[in-house]
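What follows is a short report on a single structure.
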Amino acid sequence: MPDTPPATIRAADALARRLYAAGCRTAFGMPGGEVLTLIDALEAAGIRFVLAKHENAAGFMAEGVHHRDGAPGILVGTIGPGTLNGVNTVANALQDQVPLIVLSGCMDADEVQSYTHQVVDQQAVFRPITKATFALNAGAAHVIADKAVAIATEGRMGPVHIDLPITVANTQIAAAAPASRIAASVIAPAGADLDAARGWLAAARKPVIIAGVDALNESAGSALTDFAERHQIPVITTYKAKGLIPEDHALALGGAGLSPLADTHLVPFVQDADLILCVGYDPIEMRPGWRNVWDPTKQNVIDISAVPNLHYMHQATLNFVASCAATLDALSTNQPPQDTWENGEIYRVKSALAKAFPPDEDWGPAAIIDTCRDVLPRNTLASADSGAHRILLSQMWECYAPRDLMQSSALCTMGCAVPMAIGAKLASPDRPVVSFSGDAGFLMVAGELATAIELNVAPIFVVFVDASLALIEKKQRERQLTNVGVDFAQHNFAAMGVAFGGAGVTVRDRAGLKHALEEAMAADTFTVIAAVIDREAYDGRI
């Protein structure tokens with residue numbers, strides 16, 4: 001006779017089971033006494049708890065997993081300093097639209113009235129950097145768990161925080177959960193505005209698409225590519241949305257918004273367009289050069305997004321708060337294709353971009369990126385840290401599918417590439433994974449090499465070594481300011497890889513890098529490749 005399922009479970013079990021049902025299989029963080037019940041519940045539900053070396057890195061590992069399995073990431077922090085260590089990665093998740101469930105241990109409400117050790121109002125800390133924050137209580141544990149998943153994953157994705165009081169986590173509640181919320185149906189526009197948009201599309205001879213993270217999170221890549229091909233419309237993406245259309249496609253113009261050099265070609269092209277389709281485009285990734293880059297009184301601009309445009313960085317002639325794919329389908333229905341950009345402008349701007357970022361230097365950051373892209377397989381997953389190398393990489397590293405390049409594009413936080421690569425490799429062990437870090441960003445998270453060895457994952461960690469905060473040093477020189485606070489010692493990064501149980505090699509030319517990459521792909525453990533470049537190597541290149 002089969003065992004009878006228990007009538008009651010712990011409140012922490014209710015939360016863990018709902019996260020498992022949402023597809024979560026891994027949680028990252030550091031334990032403390034206040035979260036031991038939670039960790040036990042996660043493991044019992046089938047969610048592996050991974051010990052990271054810092055909560056901020058743990059959040060980025062969770063994001064790396066999310067980009068592979070689509071489920072919300074899980075970050076676990078104990079009371080006070082543990083949870084507060086994750087503030088940066090949570091703020092990043094809000095700006096980069098990452099569904100991250102942040103679970104923090106806390107004291108019971110009655111204890112807080114007379115016990116103050118490590119007690120912080122964690123909900124007050126997380127309220128402005130999350131979509132929602134809850135304090136778990138036993139009576140509503142099932143409902144709060146379901147709300148957290150729904151809020152994190154619907155509309156514009158983002159982080160949700162739950163405080164778990166010690167006693168509440170252990171409280172027995174009914175095992176049976178109420179039905180989960182049914183996700184909202186896909187919305188497509190209709191009526192006079194749709195008719196106007198369809199008329200603009202039919203009349204356009206110089207249309208352009210700018211696609212962003214909403215389209216990425218809605219998995220609208222195929223719909224976007226089909227629409228662009230049918231109507232012969234070139235596509236520019238934000239950096240987070242690279243790969244929505246394969247970047248070796250004739251209509252792909254790559255990423256925009258961070259490189260002034262790239263923007264000297266892309267901004268005039270957009271300003272010459274007679275129809276601009278913003279497909280899931282959130283300008284939070286863009287820089288001042290893209291502020292009010294078009295005039296909606298002189299150009300037809302259609303904004304398709306998950307939320308109303310309240311940022312005011314750009315305005316549109318028509319705003320559709322609707323599904324990207326469904327809206328593109330509605331626009332395209334019964335619309336015959338037209339000839340566009342008949343004077344070869346698409347080809348010319350693609351050629352100009354290729355010349356602006358030449359891959360043929362003997363050695364330097366462009367040579368490193370070009371060699372890695374040439375040697376590593378087409379299906380390689382990559383992550384990029386913030387810094388000068390990310391600007392160059394985001395222009396030169398072709399992506400052929402969505403989420404093939406992971407980076408902190410909105411908040412632009414340093415120290416994200418290494419943990420993202422670890423998370424991605426854990427979730428996709430059969431795919432090559434490479435992270436690109438500046439030496440300063442790598443130093444922030446070098447301790448996570450221990451996590452990589454403990455997880456038995458083998459990403460390739462490429463470090464651009466110039467002993468400088470290269471991007472900030474460049475800006476300092478351009479403003480003719482004194483060199484202060486941007487240079488540091490040149491460390492032996494390859495030795496760090498060996499010290500943590502992996503492999504490490506220092507390279508100073510293309511041949512050495514090619515050999516190191518080939519060895520790394522065949523290795524059973526991770527490899528740190530320290531690529532030494534000259535100071536000021538990015539001048540004129542970004």
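Convention: chains lettered A, B, ... in structure tokens order; per-chain residue numbering from 1; ligands numbered from 1 as shown.
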Ala57 (chain A) surroundings by only C-alpha atoms, 9 Å radius, close-in-sequence under 6 positions cut, as a VMD selection string: chain A and resid 28 to 29 86 89 415 to 416 418 to 420 445 448
Output of the above residues as a CSV table (one decimal), in the first residue's frame, restricted to C-alpha atoms:
```
chain,number,residue,atom,x,y,z
A,28,PHE,CA,23.0,29.7,-4.5
A,29,GLY,CA,24.2,31.5,-1.3
A,86,GLY,CA,23.5,40.5,-2.2
A,89,THR,CA,23.1,41.6,-7.6
A,415,GLY,CA,32.5,41.1,-11.0
A,416,CYS,CA,29.6,39.4,-12.8
A,418,VAL,CA,33.0,34.7,-13.6
A,419,PRO,CA,29.9,33.7,-11.5
A,420,MET,CA,27.6,34.0,-14.5
A,445,VAL,CA,35.5,37.4,-7.5
A,448,GLU,CA,34.6,31.8,-6.8
```
Apply DSSP to the backbone of this structure and, from region 75-183 of chain A, keep only the residues in helix (DSSP H, G or I); write these as a PyMOL selection string. chain A and resi 81-84+87-95+109-112+122-129+138-153+166-170
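Each of A:Asn170, A:Gln95, A:Gln480, A:Gln271 was compared to Ile129 (chain A) using only C-alpha atoms, and A:Gln95 turns out to be the nearest.
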I'd like the contact shell of His389 (chain A) - 12 Å cut-off, only C-alpha atoms, skipping same-chain residues fewer than 5 positions apart - returned as a JSON list (two decimals) with C-alpha atoms, in the first residue's frame.
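Saved as selection-v6.json:
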```json
[["chain", "number", "residue", "atom", "x", "y", "z"],
["A", 258, "LEU", "CA", 27.57, 51.73, -25.26],
["A", 259, "SER", "CA", 30.24, 52.28, -27.90],
["A", 364, "GLY", "CA", 45.69, 43.48, -28.15],
["A", 365, "PRO", "CA", 42.09, 43.30, -26.95],
["A", 366, "ALA", "CA", 40.64, 42.99, -30.46],
["A", 367, "ALA", "CA", 43.06, 40.17, -31.28],
["A", 368, "ILE", "CA", 42.05, 38.35, -28.08],
["A", 369, "ILE", "CA", 38.36, 38.58, -28.93],
["A", 383, "SER", "CA", 29.79, 36.23, -20.21],
["A", 384, "ALA", "CA", 31.36, 39.67, -20.04],
["A", 394, "SER", "CA", 29.91, 43.48, -27.42],
["A", 395, "GLN", "CA", 30.66, 44.84, -30.89],
["A", 396, "MET", "CA", 33.01, 42.07, -32.05],
["A", 397, "TRP", "CA", 31.61, 38.92, -30.41],
["A", 407, "GLN", "CA", 26.42, 40.64, -19.11],
["A", 414, "MET", "CA", 31.76, 44.62, -12.18],
["A", 417, "ALA", "CA", 31.27, 37.48, -15.61],
["A", 435, "SER", "CA", 33.96, 34.44, -19.38],
["A", 436, "PHE", "CA", 35.74, 37.67, -20.27],
["A", 437, "SER", "CA", 36.94, 39.79, -17.35],
["A", 438, "GLY", "CA", 39.15, 42.77, -16.84],
["A", 439, "ASP", "CA", 41.83, 42.12, -14.27],
["A", 440, "ALA", "CA", 40.13, 44.40, -11.70],
["A", 441, "GLY", "CA", 36.76, 42.69, -12.08],
["A", 462, "VAL", "CA", 39.84, 34.88, -20.00],
["A", 463, "VAL", "CA", 41.35, 37.86, -18.16],
["A", 464, "PHE", "CA", 42.47, 41.03, -19.94],
["A", 465, "VAL", "CA", 45.57, 41.98, -17.96],
["A", 466, "ASP", "CA", 46.73, 45.59, -18.17],
["A", 468, "SER", "CA", 44.50, 49.23, -14.79],
["A", 469, "LEU", "CA", 40.86, 50.19, -14.68],
["A", 470, "ALA", "CA", 41.27, 50.74, -18.41],
["A", 471, "LEU", "CA", 37.97, 52.43, -19.20],
["A", 472, "ILE", "CA", 38.18, 54.86, -16.27],
["A", 531, "ALA", "CA", 46.06, 37.66, -21.67],
["A", 533, "ILE", "CA", 48.03, 43.60, -23.12],
["A", 536, "GLU", "CA", 46.12, 52.26, -23.35],
["A", 537, "ALA", "CA", 45.39, 49.32, -25.69],
["A", 538, "TYR", "CA", 41.76, 50.42, -26.09],
["A", 539, "ASP", "CA", 42.55, 53.91, -27.40],
["A", 541, "ARG", "CA", 38.97, 51.11, -30.50],
["A", 542, "ILE", "CA", 35.76, 51.72, -28.51]]
```
Could the residues of region 286-402 of chain A that have an atom at most 6 Å from region 200-223 of chain A be listed as a tab-separated table, each with its closest atom pair and the distance in Å to one decimal, counting only C-alpha atoms and ordered by chain and ascending residue number?
```
residue	atom	partner	partner_atom	distance
A:Ala325	CA	A:Ala220	CA	5.4
A:Thr340	CA	A:Arg205	CA	4.6
A:Trp341	CA	A:Lys206	CA	5.3
```
Identify which of the residues A:Ala124, A:Ala401, A:Ala175, A:Val160 lies closest to Pro246 (chain A), counting only C-alpha atoms when measuring atom-to-atom distances.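 Nearest to Pro246 (chain A): A:Ala401.
Proximity to region 304-316 of chain A at 8 Å, evaluated using only C-alpha atoms and with sequence-adjacent residues fewer than 6 positions away removed, yields Gly155, Arg156, Asp214, Leu277, Cys278, Val279, Gly280, Tyr281, Asp282, Pro283, Arg291, Asn292, Val293, Trp294, Asp295, Pro296, Ala322, Ser323, Cys324 and Thr327 of chain A.
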I need the residues of region 227-390 of chain A that end up classed as strand (DSSP E) by DSSP on the backbone, written out as a count of residues only. 26
Excluding region 486-495 of chain A and residues on its chain fewer than 3 positions from it, collect all residues at most 7 Å away from it, counting only C-alpha atoms, and give them as a short mmCIF file (atom, residue, chain, number, x, y, z; two decimals) with C-alpha atoms, in the first residue's frame.
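Result written to out06.cif:
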```cif
data_model
loop_
_atom_site.label_atom_id
_atom_site.label_comp_id
_atom_site.auth_asym_id
_atom_site.auth_seq_id
_atom_site.Cartn_x
_atom_site.Cartn_y
_atom_site.Cartn_z
CA ALA A 467 46.98 46.39 -14.44
CA SER A 468 44.50 49.23 -14.79
CA LEU A 469 40.86 50.19 -14.68
CA ILE A 472 38.18 54.86 -16.27
CA GLU A 473 41.88 55.53 -16.89
CA VAL A 498 46.42 26.65 -10.38
CA ALA A 499 46.16 27.56 -6.69
CA GLY A 504 46.34 28.59 -15.58
CA VAL A 505 48.37 30.02 -18.42
CA THR A 506 49.69 33.46 -19.34
CA VAL A 528 42.34 30.83 -16.28
CA ILE A 529 43.93 32.44 -19.33
CA ALA A 530 45.72 35.66 -18.44
#
```
Between A:Arg48, A:His515, A:His54, A:Arg25, single out the one closest to Thr451 (chain A), counting only C-alpha atoms.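 The shortest atom-to-atom distance to Thr451 (chain A) comes from A:His54.
Going from CA of Glu247 (chain A) to CA of Phe461 (chain A) covers 23.6 Å.
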Can you pull out every residue within 8 Å of Ala330 (chain A), counting only C-alpha atoms, but drop anything in the same chain fewer than 5 positions away, and send it as number ranges by chain? A: 188-189, 194
Just N, CA and C atoms for this one: save the residues we selected as an mmCIF file, in the first residue's frame.
```cif
data_model
loop_
_atom_site.group_PDB
_atom_site.id
_atom_site.type_symbol
_atom_site.label_atom_id
_atom_site.label_comp_id
_atom_site.auth_asym_id
_atom_site.auth_seq_id
_atom_site.Cartn_x
_atom_site.Cartn_y
_atom_site.Cartn_z
ATOM 1 N N ALA A 188 -2.431 41.340 -28.028
ATOM 2 C CA ALA A 188 -2.042 41.945 -29.300
ATOM 3 C C ALA A 188 -2.882 43.201 -29.512
ATOM 4 N N PRO A 189 -2.335 44.224 -30.159
ATOM 5 C CA PRO A 189 -3.106 45.453 -30.371
ATOM 6 C C PRO A 189 -4.210 45.254 -31.393
ATOM 7 N N LEU A 194 -3.666 50.167 -34.467
ATOM 8 C CA LEU A 194 -3.078 49.084 -35.254
ATOM 9 C C LEU A 194 -3.199 49.387 -36.738
#
```
Excluding Gly255 (chain A) and any residue of its chain fewer than 6 positions from it, enumerate the residues within 9 Å of it, using only C-alpha atoms, and give them as a list in words. Ile236, Thr237, Thr238, Tyr239, Lys240, Ala241, Lys242, Ala262, Ser394 and Gln395 of chain A
